[in-house]
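To be precise, the following lines are structure28.pdb, and they hold PDB, C-alpha atoms (C1' of nucleotides).
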ATOM      1  CA  MET A  23     134.758  90.728  93.743
ATOM      2  CA  ALA A  24     131.398  92.303  93.163
ATOM      3  CA  PHE A  25     129.430  94.253  95.726
ATOM      4  CA  SER A  26     126.119  93.906  97.493
ATOM      5  CA  LYS A  27     125.747  90.142  97.694
ATOM      6  CA  THR A  28     122.012  90.415  98.125
ATOM      7  CA  GLU A  29     121.334  87.422  95.885
ATOM      8  CA  ALA A  30     122.623  85.095  98.577
ATOM      9  CA  PHE A  31     119.592  85.674 100.796
ATOM     10  CA  THR A  32     116.014  84.436 100.787
ATOM     11  CA  ASP A  33     113.444  86.033  98.510
ATOM     12  CA  VAL A  34     111.423  87.229 101.469
ATOM     13  CA  ASP A  35     114.383  88.955 103.080
ATOM     14  CA  GLN A  36     115.394  90.485  99.774
ATOM     15  CA  LYS A  37     111.924  91.862  99.228
ATOM     16  CA  LEU A  38     111.724  93.237 102.741
ATOM     17  CA  ALA A  39     115.124  94.855 102.299
ATOM     18  CA  LEU A  40     114.084  96.437  98.999
ATOM     19  CA  TRP A  41     110.926  97.902 100.489
ATOM     20  CA  ALA A  42     112.819  99.086 103.533
ATOM     21  CA  LYS A  43     115.317 100.758 101.240
ATOM     22  CA  ALA A  44     112.481 102.559  99.493
ATOM     23  CA  LEU A  45     111.400 103.946 102.866
ATOM     24  CA  SER A  46     114.925 104.706 103.999
ATOM     25  CA  HIS A  47     114.833 108.417 103.179
ATOM     26  CA  PRO A  48     112.493 110.763 105.058
ATOM     27  CA  ALA A  49     111.550 112.503 101.835
ATOM     28  CA  ARG A  50     110.113 109.270 100.516
ATOM     29  CA  VAL A  51     108.164 108.602 103.693
ATOM     30  CA  ALA A  52     106.831 112.151 103.466
ATOM     31  CA  ILE A  53     105.875 111.629  99.831
ATOM     32  CA  LEU A  54     103.908 108.484 100.691
ATOM     33  CA  ARG A  55     102.101 110.350 103.466
ATOM     34  CA  GLU A  56     101.330 113.240 101.158
ATOM     35  CA  LEU A  57     100.074 111.029  98.343
ATOM     36  CA  ALA A  58      97.935 109.061 100.760
ATOM     37  CA  GLN A  59      96.392 112.140 102.296
ATOM     38  CA  ARG A  60      95.248 113.380  98.910
ATOM     39  CA  ASN A  61      94.878 109.882  97.516
ATOM     40  CA  ALA A  62      96.369 111.325  94.334
ATOM     41  CA  CYS A  63      98.748 114.118  93.735
ATOM     42  CA  ILE A  64     100.780 115.688  90.997
ATOM     43  CA  CYS A  65     104.501 115.959  91.296
ATOM     44  CA  GLY A  66     104.484 119.747  91.252
ATOM     45  CA  GLU A  67     102.639 120.025  94.537
ATOM     46  CA  LEU A  68     105.078 117.600  96.078
ATOM     47  CA  VAL A  69     108.009 119.736  95.047
ATOM     48  CA  ALA A  70     106.302 122.773  96.559
ATOM     49  CA  ASN A  71     105.865 120.950  99.865
ATOM     50  CA  LEU A  72     109.323 119.447 100.099
ATOM     51  CA  PRO A  73     112.635 121.175 100.789
ATOM     52  CA  LEU A  74     114.164 119.627  97.704
ATOM     53  CA  SER A  75     114.605 120.570  94.069
ATOM     54  CA  GLN A  76     112.362 119.288  91.309
ATOM     55  CA  ALA A  77     115.108 117.021  90.003
ATOM     56  CA  THR A  78     115.664 115.468  93.404
ATOM     57  CA  VAL A  79     111.973 114.889  94.064
ATOM     58  CA  SER A  80     111.675 113.269  90.657
ATOM     59  CA  GLN A  81     114.540 110.970  91.618
ATOM     60  CA  HIS A  82     112.846 109.993  94.877
ATOM     61  CA  LEU A  83     109.619 109.345  93.000
ATOM     62  CA  LYS A  84     111.513 107.042  90.691
ATOM     63  CA  VAL A  85     112.815 105.043  93.655
ATOM     64  CA  LEU A  86     109.308 104.642  95.071
ATOM     65  CA  LYS A  87     108.005 103.706  91.636
ATOM     66  CA  GLU A  88     110.707 101.086  91.120
ATOM     67  CA  ALA A  89     109.852  99.599  94.500
ATOM     68  CA  GLY A  90     106.266  99.352  93.260
ATOM     69  CA  LEU A  91     104.928 101.546  96.038
ATOM     70  CA  ILE A  92     103.552 104.255  93.779
ATOM     71  CA  SER A  93     102.423 104.581  90.211
ATOM     72  CA  GLY A  94     102.192 107.565  87.929
ATOM     73  CA  GLU A  95      99.686 108.161  85.183
ATOM     74  CA  ILE A  96     100.013 110.761  82.512
ATOM     75  CA  ASP A  97      97.373 113.440  82.847
ATOM     76  CA  GLY A  98      97.845 116.125  80.286
ATOM     77  CA  PRO A  99     101.183 117.827  80.664
ATOM     78  CA  ARG A 100     101.688 116.502  84.160
ATOM     79  CA  ILE A 101     101.943 113.119  85.842
ATOM     80  CA  CYS A 102      99.459 112.070  88.468
ATOM     81  CA  TYR A 103     101.200 109.997  91.076
ATOM     82  CA  CYS A 104      99.335 107.847  93.499
ATOM     83  CA  ILE A 105      99.958 105.024  95.913
ATOM     84  CA  HIS A 106     100.007 101.538  94.503
ATOM     85  CA  TRP A 107      97.896  99.774  97.079
ATOM     86  CA  PRO A 108      98.568  96.135  96.161
ATOM     87  CA  THR A 109     102.308  96.465  96.771
ATOM     88  CA  LEU A 110     101.782  98.552  99.873
ATOM     89  CA  GLU A 111      99.601  95.799 101.295
ATOM     90  CA  GLU A 112     102.122  93.191 100.327
ATOM     91  CA  MET A 113     104.786  95.130 102.176
ATOM     92  CA  GLU A 114     102.588  95.598 105.204
ATOM     93  CA  ASN A 115     101.844  91.872 105.303
ATOM     94  CA  ALA A 116     105.486  90.909 104.914
ATOM     95  CA  LEU A 117     106.431  93.235 107.769
ATOM     96  CA  ASN A 118     103.676  91.884 109.965
ATOM     97  CA  ARG A 119     104.802  88.349 109.275
ATOM     98  CA  LEU A 120     108.352  89.319 110.172
ATOM     99  CA  PHE A 121     107.265  90.894 113.447
ATOM    100  CA  LYS A 122     105.036  87.965 114.252
ATOM    101  CA  GLN A 123     107.848  85.547 113.618
ATOM    102  CA  ILE A 124     110.253  87.632 115.636
ATOM    103  CA  LYS A 125     108.154  88.486 118.648
ATOM    104  CA  PRO A 126     107.020  85.229 120.296
ATOM    105  CA  CYS A 127     110.223  84.632 122.186
ATOM    106  CA  CYS A 128     110.949  86.730 125.278
TER     107      CYS A 128
ATOM    108  CA  MET B  15     126.155 122.393  99.847
ATOM    109  CA  ALA B  16     126.045 119.436 102.142
ATOM    110  CA  PHE B  17     124.299 116.162 101.391
ATOM    111  CA  SER B  18     121.385 114.230 102.789
ATOM    112  CA  LYS B  19     119.098 117.033 103.946
ATOM    113  CA  THR B  20     117.324 114.698 106.329
ATOM    114  CA  GLU B  21     117.099 117.358 109.028
ATOM    115  CA  ALA B  22     114.453 119.192 107.043
ATOM    116  CA  PHE B  23     111.825 116.528 107.715
ATOM    117  CA  THR B  24     109.652 115.639 110.671
ATOM    118  CA  ASP B  25     111.040 113.624 113.555
ATOM    119  CA  VAL B  26     108.620 110.811 112.857
ATOM    120  CA  ASP B  27     109.624 110.529 109.231
ATOM    121  CA  GLN B  28     113.300 110.717 110.126
ATOM    122  CA  LYS B  29     112.910 107.925 112.648
ATOM    123  CA  LEU B  30     110.976 105.759 110.227
ATOM    124  CA  ALA B  31     113.619 106.361 107.582
ATOM    125  CA  LEU B  32     116.419 105.426 109.984
ATOM    126  CA  TRP B  33     114.730 102.189 110.968
ATOM    127  CA  ALA B  34     113.937 101.394 107.364
ATOM    128  CA  LYS B  35     117.572 101.991 106.512
ATOM    129  CA  ALA B  36     118.577  99.509 109.205
ATOM    130  CA  LEU B  37     116.361  96.904 107.522
ATOM    131  CA  SER B  38     117.454  97.830 104.022
ATOM    132  CA  HIS B  39     119.947  95.022 103.603
ATOM    133  CA  PRO B  40     118.800  91.406 103.517
ATOM    134  CA  ALA B  41     121.674  90.352 105.768
ATOM    135  CA  ARG B  42     120.318  92.587 108.504
ATOM    136  CA  VAL B  43     116.796  91.233 108.132
ATOM    137  CA  ALA B  44     118.248  87.735 108.302
ATOM    138  CA  ILE B  45     120.229  88.641 111.416
ATOM    139  CA  LEU B  46     117.098  89.915 113.154
ATOM    140  CA  ARG B  47     115.279  86.707 112.257
ATOM    141  CA  GLU B  48     118.153  84.592 113.494
ATOM    142  CA  LEU B  49     118.501  86.483 116.763
ATOM    143  CA  ALA B  50     114.777  86.279 117.345
ATOM    144  CA  GLN B  51     114.605  82.559 116.694
ATOM    145  CA  ARG B  52     117.246  81.901 119.328
ATOM    146  CA  ASN B  53     116.245  84.899 121.407
ATOM    147  CA  ALA B  54     119.970  85.385 121.939
ATOM    148  CA  CYS B  55     122.898  84.544 119.798
ATOM    149  CA  ILE B  56     126.577  85.089 119.569
ATOM    150  CA  CYS B  57     128.073  86.728 116.536
ATOM    151  CA  GLY B  58     130.135  83.710 115.604
ATOM    152  CA  GLU B  59     127.099  81.603 114.832
ATOM    153  CA  LEU B  60     125.751  84.420 112.720
ATOM    154  CA  VAL B  61     128.919  84.501 110.663
ATOM    155  CA  ALA B  62     128.676  80.755 110.157
ATOM    156  CA  ASN B  63     125.103  81.106 108.895
ATOM    157  CA  LEU B  64     125.650  84.068 106.609
ATOM    158  CA  PRO B  65     127.487  84.220 103.285
ATOM    159  CA  LEU B  66     129.593  87.120 104.504
ATOM    160  CA  SER B  67     132.923  87.570 106.194
ATOM    161  CA  GLN B  68     133.291  88.139 109.931
ATOM    162  CA  ALA B  69     134.246  91.777 109.357
ATOM    163  CA  THR B  70     131.178  92.409 107.231
ATOM    164  CA  VAL B  71     128.808  90.762 109.664
ATOM    165  CA  SER B  72     130.304  92.819 112.455
ATOM    166  CA  GLN B  73     129.634  95.931 110.387
ATOM    167  CA  HIS B  74     126.011  94.943 109.834
ATOM    168  CA  LEU B  75     125.648  94.278 113.564
ATOM    169  CA  LYS B  76     126.945  97.771 114.234
ATOM    170  CA  VAL B  77     124.297  99.262 111.957
ATOM    171  CA  LEU B  78     121.532  97.359 113.752
ATOM    172  CA  LYS B  79     123.004  98.365 117.092
ATOM    173  CA  GLU B  80     123.170 102.040 116.133
ATOM    174  CA  ALA B  81     119.538 101.880 115.054
ATOM    175  CA  GLY B  82     118.768 100.550 118.520
ATOM    176  CA  LEU B  83     117.307  97.320 117.178
ATOM    177  CA  ILE B  84     119.792  95.009 118.859
ATOM    178  CA  SER B  85     122.088  95.131 121.836
ATOM    179  CA  GLY B  86     125.255  93.229 122.634
ATOM    180  CA  GLU B  87     126.428  92.161 126.027
ATOM    181  CA  ILE B  88     129.895  90.959 126.798
ATOM    182  CA  ASP B  89     129.908  87.309 127.800
ATOM    183  CA  GLY B  90     133.391  86.084 128.368
ATOM    184  CA  PRO B  91     135.443  86.312 125.210
ATOM    185  CA  ARG B  92     132.414  86.734 122.999
ATOM    186  CA  ILE B  93     129.559  89.160 122.655
ATOM    187  CA  CYS B  94     126.013  88.008 123.109
ATOM    188  CA  TYR B  95     123.773  89.895 120.731
ATOM    189  CA  CYS B  96     120.069  89.987 121.173
ATOM    190  CA  ILE B  97     117.077  91.930 119.957
ATOM    191  CA  HIS B  98     116.304  95.149 121.759
ATOM    192  CA  TRP B  99     112.576  94.769 122.147
ATOM    193  CA  PRO B 100     111.634  98.300 123.207
ATOM    194  CA  THR B 101     112.976  99.832 119.999
ATOM    195  CA  LEU B 102     111.586  97.037 117.891
ATOM    196  CA  GLU B 103     108.146  97.714 119.356
ATOM    197  CA  GLU B 104     108.581 101.416 118.803
ATOM    198  CA  MET B 105     109.386 100.760 115.167
ATOM    199  CA  GLU B 106     106.464  98.388 114.781
ATOM    200  CA  ASN B 107     104.123 100.971 116.252
ATOM    201  CA  ALA B 108     105.466 103.773 114.090
ATOM    202  CA  LEU B 109     105.003 101.624 110.998
ATOM    203  CA  ASN B 110     101.490 100.680 112.012
ATOM    204  CA  ARG B 111     100.613 104.325 112.557
ATOM    205  CA  LEU B 112     102.019 105.143 109.127
ATOM    206  CA  PHE B 113      99.975 102.425 107.454
ATOM    207  CA  LYS B 114      96.892 103.390 109.382
ATOM    208  CA  GLN B 115      97.304 107.000 108.354
ATOM    209  CA  ILE B 116      97.951 106.033 104.789
ATOM    210  CA  LYS B 117      95.277 103.435 104.210
ATOM    211  CA  PRO B 118      91.869 105.041 104.878
ATOM    212  CA  CYS B 119      91.541 106.639 101.505
ATOM    213  CA  CYS B 120      90.672 104.431  98.517
TER     214      CYS B 120
ATOM    215  C1'  DA C  30     153.307  84.604 130.638
ATOM    216  C1'  DT C  31     151.702  82.523 126.399
ATOM    217  C1'  DT C  32     148.365  80.830 123.413
ATOM    218  C1'  DG C  33     143.998  80.589 121.461
ATOM    219  C1'  DT C  34     139.455  82.400 120.423
ATOM    220  C1'  DA C  35     135.980  85.906 119.461
ATOM    221  C1'  DT C  36     134.870  90.233 117.858
ATOM    222  C1'  DA C  37     135.842  95.066 116.663
ATOM    223  C1'  DT C  38     138.248  98.307 114.013
ATOM    224  C1'  DC C  39     141.284  99.970 110.197
ATOM    225  C1'  DG C  40     142.307 100.643 105.520
ATOM    226  C1'  DT C  41     140.725 100.465 101.136
ATOM    227  C1'  DA C  42     138.145  99.622  96.787
ATOM    228  C1'  DA C  43     133.984  99.648  94.423
ATOM    229  C1'  DA C  44     129.059 100.538  94.260
ATOM    230  C1'  DT C  45     125.166 103.166  95.324
ATOM    231  C1'  DA C  46     122.653 107.188  97.005
ATOM    232  C1'  DT C  47     121.780 112.115  97.415
ATOM    233  C1'  DA C  48     121.471 116.540  95.543
ATOM    234  C1'  DC C  49     121.030 120.063  92.082
ATOM    235  C1'  DG C  50     121.554 122.909  87.754
ATOM    236  C1'  DA C  51     120.879 122.394  82.997
ATOM    237  C1'  DT C  52     118.655 120.282  79.378
ATOM    238  C1'  DT C  53     115.212 117.558  77.084
ATOM    239  C1'  DA C  54     110.654 115.823  75.963
ATOM    240  C1'  DA C  55     105.854 116.077  75.633
ATOM    241  C1'  DA C  56     101.607 118.014  75.971
ATOM    242  C1'  DT C  57      98.750 122.422  76.300
ATOM    243  C1'  DA C  58      97.600 126.824  75.213
ATOM    244  C1'  DT C  59      98.024 130.807  72.454
TER     245       DT C  59
ATOM    246  C1'  DA D  18     103.729 127.355  64.487
ATOM    247  C1'  DT D  19     105.315 129.106  68.887
ATOM    248  C1'  DA D  20     105.461 129.692  73.667
ATOM    249  C1'  DT D  21     104.542 127.797  78.104
ATOM    250  C1'  DT D  22     104.308 124.358  81.498
ATOM    251  C1'  DT D  23     105.467 119.990  83.743
ATOM    252  C1'  DA D  24     108.240 116.407  84.741
ATOM    253  C1'  DA D  25     112.128 113.249  83.338
ATOM    254  C1'  DT D  26     116.812 112.697  82.369
ATOM    255  C1'  DC D  27     121.784 114.013  82.045
ATOM    256  C1'  DG D  28     125.972 115.352  84.012
ATOM    257  C1'  DT D  29     128.432 115.893  87.944
ATOM    258  C1'  DA D  30     130.041 116.399  92.791
ATOM    259  C1'  DT D  31     129.966 114.503  97.175
ATOM    260  C1'  DA D  32     128.548 111.200 100.728
ATOM    261  C1'  DT D  33     127.462 106.799 102.211
ATOM    262  C1'  DT D  34     127.254 101.812 101.927
ATOM    263  C1'  DT D  35     129.051  97.314 101.157
ATOM    264  C1'  DA D  36     132.627  94.176 101.320
ATOM    265  C1'  DC D  37     136.872  92.045 102.832
ATOM    266  C1'  DG D  38     141.729  91.228 104.394
ATOM    267  C1'  DA D  39     144.640  92.570 107.943
ATOM    268  C1'  DT D  40     145.256  94.042 112.397
ATOM    269  C1'  DA D  41     144.105  95.119 117.101
ATOM    270  C1'  DT D  42     141.812  94.117 121.391
ATOM    271  C1'  DA D  43     140.110  91.561 125.119
ATOM    272  C1'  DC D  44     139.213  87.720 127.581
ATOM    273  C1'  DA D  45     139.937  82.522 128.687
ATOM    274  C1'  DA D  46     142.546  78.741 129.197
ATOM    275  C1'  DT D  47     146.813  76.551 129.784
TER     276       DT D  47
END
Would you mind writing the structure in this file as structure tokens?
Amino acid sequence: MAFSKTEAFTDVDQKLALWAKALSHPARVAILRELAQRNACICGELVANLPLSQATVSQHLKVLKEAGLISGEIDGPRICYCIHWPTLEEMENALNRLFKQIKPCC
Amino acid sequence: MAFSKTEAFTDVDQKLALWAKALSHPARVAILRELAQRNACICGELVANLPLSQATVSQHLKVLKEAGLISGEIDGPRICYCIHWPTLEEMENALNRLFKQIKPCC
DNA sequence: ATTGTATATCGTAAATATACGATTAAATAT
DNA sequence: ATATTTAATCGTATATTTACGATATACAAT
């Protein structure tokens, strides 16, 4: 009697759900915005700009990374996070297809 | 030391996060698709088409309803769910603005 | 009035998410 | 070599989500 029967749905819907989940916390939306604005950004500055602890921000970054929406490259003692454009585009396209498919009627 | 400090973020990011959360389970994406295809649909048919129990589907419908993405009207002994277009458009627009704001760089 | 049908809600168990302090790891700088 | 800095991970507490059986509710039909 396991939980989260996500495997029973289509790949497209699973992917959409995973991306949506990645965006389902305002901190993560804010992080994406922030990274985009600077086009690249270290984690430290993010922590300074968010009302969350370093540990928590790091956790949110991990979620975004696992969803493929950002990537982080080592740069000396810090990590330079930036948006991973290919996945972001993929997500945007999937959403647009969903809306397109949904909207015609009515 | 409460949890989920969502109130510390902007209204826009909170809204986006709430909508994303509503889409963060494949069953709910599938429900939206299904409702859109028929433009209106009773819950019973949804249950028949989803690998989930009636109680669980009803719960997912509640989440979508609370996010404003669907509405349900009483129709005899059943409830006729359908997509709530104004909110769906609002969400689509908010997402497009986010992508637009994010994409310019790089 | 009783029965049947459709859907919501309740109760509950398990999984996942959120948050943070403390610690660790890894590179830089001294 | 040692100290400093930056970010990840660990441990832990609490909250929320997911799932379902059982029950309640509300209307329709008989």
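The neighbours of DT31 of chain D here are the residues that come within 12 Å of it, using all atoms listed in the file and leaving out any residue fewer than 2 positions away in the same chain; they are Met15, Ala16, Phe17 and Ser18 of chain B; DA46, DT47, DA48 and DC49 of chain C; DT29 and DT33 of chain D.
Take atom CA of Lys29 of chain B and atom CA of Leu83 of chain B: the distance between them is 12.3 Å.
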I need the residue set behind the PyMOL selection byres ((chain B) within 9 of (chain D)) for this file; please write it as JSON, numbers by chain.
{"B": [16, 17, 18, 66, 67, 68, 69, 70, 90, 91, 92]}
Would you give me, as a CSV table (one decimal) with C-alpha atoms (C1' of nucleotides), in the frame of the given file, the residues of chain C that come within 9 Å of chain B, using all atoms listed in the file?
chain,number,residue,atom,x,y,z
C,34,DT,C1',139.5,82.4,120.4
C,35,DA,C1',136.0,85.9,119.5
C,36,DT,C1',134.9,90.2,117.9
C,37,DA,C1',135.8,95.1,116.7
C,38,DT,C1',138.2,98.3,114.0
C,47,DT,C1',121.8,112.1,97.4
C,48,DA,C1',121.5,116.5,95.5
Can you list, as number ranges by chain, the residues that the PyMOL selection byres ((chain B) within 9 of (chain A)) selects here?
B: 18-24, 26-44, 46-53, 64-66, 99, 102, 106, 109-110, 112-113, 115-120
When you look at Gly82 of chain B with a cut-off of 7 Å (counting all atoms listed in the file), what residues show up, excluding the ones that are within fewer than 3 positions of it in the same chain? I need them as an NGL selection string.
:B and (78-79 or 98 or 101)
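The two atoms in question, atom C1' of DT57 of chain C and atom CA of Leu83 of chain A, are spaced 23.8 Å apart.
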Fit chain A to chain B, using all C-alpha atoms paired in sequence order for the least-squares superposition, and then show me the result as a PDB file with C-alpha atoms, in the coordinates of the input.
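Result file selection03.pdb:
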ATOM      1  CA  MET A  23     126.194 122.321  99.663  1.00  0.00           C
ATOM      2  CA  ALA A  24     125.994 119.441 102.066  1.00  0.00           C
ATOM      3  CA  PHE A  25     124.291 116.143 101.382  1.00  0.00           C
ATOM      4  CA  SER A  26     121.382 114.208 102.797  1.00  0.00           C
ATOM      5  CA  LYS A  27     119.095 116.997 103.953  1.00  0.00           C
ATOM      6  CA  THR A  28     117.308 114.698 106.347  1.00  0.00           C
ATOM      7  CA  GLU A  29     117.081 117.361 109.048  1.00  0.00           C
ATOM      8  CA  ALA A  30     114.443 119.192 107.044  1.00  0.00           C
ATOM      9  CA  PHE A  31     111.812 116.534 107.722  1.00  0.00           C
ATOM     10  CA  THR A  32     109.620 115.657 110.682  1.00  0.00           C
ATOM     11  CA  ASP A  33     111.016 113.631 113.561  1.00  0.00           C
ATOM     12  CA  VAL A  34     108.603 110.807 112.871  1.00  0.00           C
ATOM     13  CA  ASP A  35     109.611 110.535 109.231  1.00  0.00           C
ATOM     14  CA  GLN A  36     113.274 110.721 110.147  1.00  0.00           C
ATOM     15  CA  LYS A  37     112.898 107.934 112.662  1.00  0.00           C
ATOM     16  CA  LEU A  38     110.961 105.773 110.244  1.00  0.00           C
ATOM     17  CA  ALA A  39     113.606 106.372 107.594  1.00  0.00           C
ATOM     18  CA  LEU A  40     116.405 105.438 109.996  1.00  0.00           C
ATOM     19  CA  TRP A  41     114.719 102.195 110.985  1.00  0.00           C
ATOM     20  CA  ALA A  42     113.931 101.414 107.377  1.00  0.00           C
ATOM     21  CA  LYS A  43     117.570 101.994 106.532  1.00  0.00           C
ATOM     22  CA  ALA A  44     118.570  99.521 109.220  1.00  0.00           C
ATOM     23  CA  LEU A  45     116.361  96.925 107.531  1.00  0.00           C
ATOM     24  CA  SER A  46     117.456  97.858 104.035  1.00  0.00           C
ATOM     25  CA  HIS A  47     119.968  95.035 103.620  1.00  0.00           C
ATOM     26  CA  PRO A  48     118.813  91.406 103.531  1.00  0.00           C
ATOM     27  CA  ALA A  49     121.681  90.375 105.770  1.00  0.00           C
ATOM     28  CA  ARG A  50     120.325  92.585 108.515  1.00  0.00           C
ATOM     29  CA  VAL A  51     116.804  91.244 108.136  1.00  0.00           C
ATOM     30  CA  ALA A  52     118.260  87.741 108.303  1.00  0.00           C
ATOM     31  CA  ILE A  53     120.235  88.639 111.417  1.00  0.00           C
ATOM     32  CA  LEU A  54     117.100  89.913 113.164  1.00  0.00           C
ATOM     33  CA  ARG A  55     115.268  86.710 112.252  1.00  0.00           C
ATOM     34  CA  GLU A  56     118.144  84.594 113.486  1.00  0.00           C
ATOM     35  CA  LEU A  57     118.500  86.477 116.759  1.00  0.00           C
ATOM     36  CA  ALA A  58     114.770  86.291 117.343  1.00  0.00           C
ATOM     37  CA  GLN A  59     114.597  82.581 116.688  1.00  0.00           C
ATOM     38  CA  ARG A  60     117.234  81.892 119.311  1.00  0.00           C
ATOM     39  CA  ASN A  61     116.255  84.896 121.392  1.00  0.00           C
ATOM     40  CA  ALA A  62     119.990  85.372 121.902  1.00  0.00           C
ATOM     41  CA  CYS A  63     122.926  84.528 119.784  1.00  0.00           C
ATOM     42  CA  ILE A  64     126.636  85.066 119.586  1.00  0.00           C
ATOM     43  CA  CYS A  65     128.169  86.721 116.599  1.00  0.00           C
ATOM     44  CA  GLY A  66     130.185  83.667 115.623  1.00  0.00           C
ATOM     45  CA  GLU A  67     127.128  81.588 114.847  1.00  0.00           C
ATOM     46  CA  LEU A  68     125.779  84.412 112.746  1.00  0.00           C
ATOM     47  CA  VAL A  69     128.925  84.505 110.670  1.00  0.00           C
ATOM     48  CA  ALA A  70     128.676  80.750 110.161  1.00  0.00           C
ATOM     49  CA  ASN A  71     125.107  81.101 108.903  1.00  0.00           C
ATOM     50  CA  LEU A  72     125.641  84.067 106.626  1.00  0.00           C
ATOM     51  CA  PRO A  73     127.477  84.226 103.303  1.00  0.00           C
ATOM     52  CA  LEU A  74     129.583  87.110 104.527  1.00  0.00           C
ATOM     53  CA  SER A  75     132.932  87.560 106.224  1.00  0.00           C
ATOM     54  CA  GLN A  76     133.309  88.160 109.938  1.00  0.00           C
ATOM     55  CA  ALA A  77     134.261  91.784 109.350  1.00  0.00           C
ATOM     56  CA  THR A  78     131.194  92.413 107.232  1.00  0.00           C
ATOM     57  CA  VAL A  79     128.810  90.764 109.680  1.00  0.00           C
ATOM     58  CA  SER A  80     130.325  92.833 112.463  1.00  0.00           C
ATOM     59  CA  GLN A  81     129.651  95.935 110.379  1.00  0.00           C
ATOM     60  CA  HIS A  82     126.018  94.956 109.845  1.00  0.00           C
ATOM     61  CA  LEU A  83     125.656  94.289 113.557  1.00  0.00           C
ATOM     62  CA  LYS A  84     126.955  97.765 114.231  1.00  0.00           C
ATOM     63  CA  VAL A  85     124.296  99.264 111.959  1.00  0.00           C
ATOM     64  CA  LEU A  86     121.532  97.364 113.751  1.00  0.00           C
ATOM     65  CA  LYS A  87     122.992  98.361 117.105  1.00  0.00           C
ATOM     66  CA  GLU A  88     123.160 102.034 116.150  1.00  0.00           C
ATOM     67  CA  ALA A  89     119.533 101.874 115.062  1.00  0.00           C
ATOM     68  CA  GLY A  90     118.760 100.524 118.532  1.00  0.00           C
ATOM     69  CA  LEU A  91     117.301  97.302 117.187  1.00  0.00           C
ATOM     70  CA  ILE A  92     119.785  95.001 118.881  1.00  0.00           C
ATOM     71  CA  SER A  93     122.081  95.106 121.852  1.00  0.00           C
ATOM     72  CA  GLY A  94     125.222  93.191 122.648  1.00  0.00           C
ATOM     73  CA  GLU A  95     126.463  92.133 126.042  1.00  0.00           C
ATOM     74  CA  ILE A  96     129.928  90.926 126.775  1.00  0.00           C
ATOM     75  CA  ASP A  97     129.949  87.286 127.782  1.00  0.00           C
ATOM     76  CA  GLY A  98     133.441  86.057 128.317  1.00  0.00           C
ATOM     77  CA  PRO A  99     135.503  86.335 125.178  1.00  0.00           C
ATOM     78  CA  ARG A 100     132.464  86.728 122.977  1.00  0.00           C
ATOM     79  CA  ILE A 101     129.563  89.139 122.646  1.00  0.00           C
ATOM     80  CA  CYS A 102     126.014  87.974 123.106  1.00  0.00           C
ATOM     81  CA  TYR A 103     123.767  89.859 120.755  1.00  0.00           C
ATOM     82  CA  CYS A 104     120.055  89.962 121.183  1.00  0.00           C
ATOM     83  CA  ILE A 105     117.072  91.918 119.974  1.00  0.00           C
ATOM     84  CA  HIS A 106     116.293  95.137 121.755  1.00  0.00           C
ATOM     85  CA  TRP A 107     112.565  94.758 122.164  1.00  0.00           C
ATOM     86  CA  PRO A 108     111.615  98.296 123.222  1.00  0.00           C
ATOM     87  CA  THR A 109     112.959  99.830 120.011  1.00  0.00           C
ATOM     88  CA  LEU A 110     111.557  97.033 117.897  1.00  0.00           C
ATOM     89  CA  GLU A 111     108.125  97.727 119.345  1.00  0.00           C
ATOM     90  CA  GLU A 112     108.552 101.417 118.802  1.00  0.00           C
ATOM     91  CA  MET A 113     109.370 100.753 115.174  1.00  0.00           C
ATOM     92  CA  GLU A 114     106.448  98.405 114.765  1.00  0.00           C
ATOM     93  CA  ASN A 115     104.094 100.995 116.248  1.00  0.00           C
ATOM     94  CA  ALA A 116     105.448 103.790 114.081  1.00  0.00           C
ATOM     95  CA  LEU A 117     104.989 101.640 110.979  1.00  0.00           C
ATOM     96  CA  ASN A 118     101.478 100.692 111.987  1.00  0.00           C
ATOM     97  CA  ARG A 119     100.612 104.322 112.541  1.00  0.00           C
ATOM     98  CA  LEU A 120     102.000 105.162 109.119  1.00  0.00           C
ATOM     99  CA  PHE A 121      99.960 102.438 107.445  1.00  0.00           C
ATOM    100  CA  LYS A 122      96.866 103.415 109.361  1.00  0.00           C
ATOM    101  CA  GLN A 123      97.275 107.014 108.345  1.00  0.00           C
ATOM    102  CA  ILE A 124      97.933 106.051 104.761  1.00  0.00           C
ATOM    103  CA  LYS A 125      95.269 103.448 104.187  1.00  0.00           C
ATOM    104  CA  PRO A 126      91.858 105.037 104.861  1.00  0.00           C
ATOM    105  CA  CYS A 127      91.545 106.692 101.492  1.00  0.00           C
ATOM    106  CA  CYS A 128      90.698 104.547  98.464  1.00  0.00           C
TER     107      CYS A 128
END
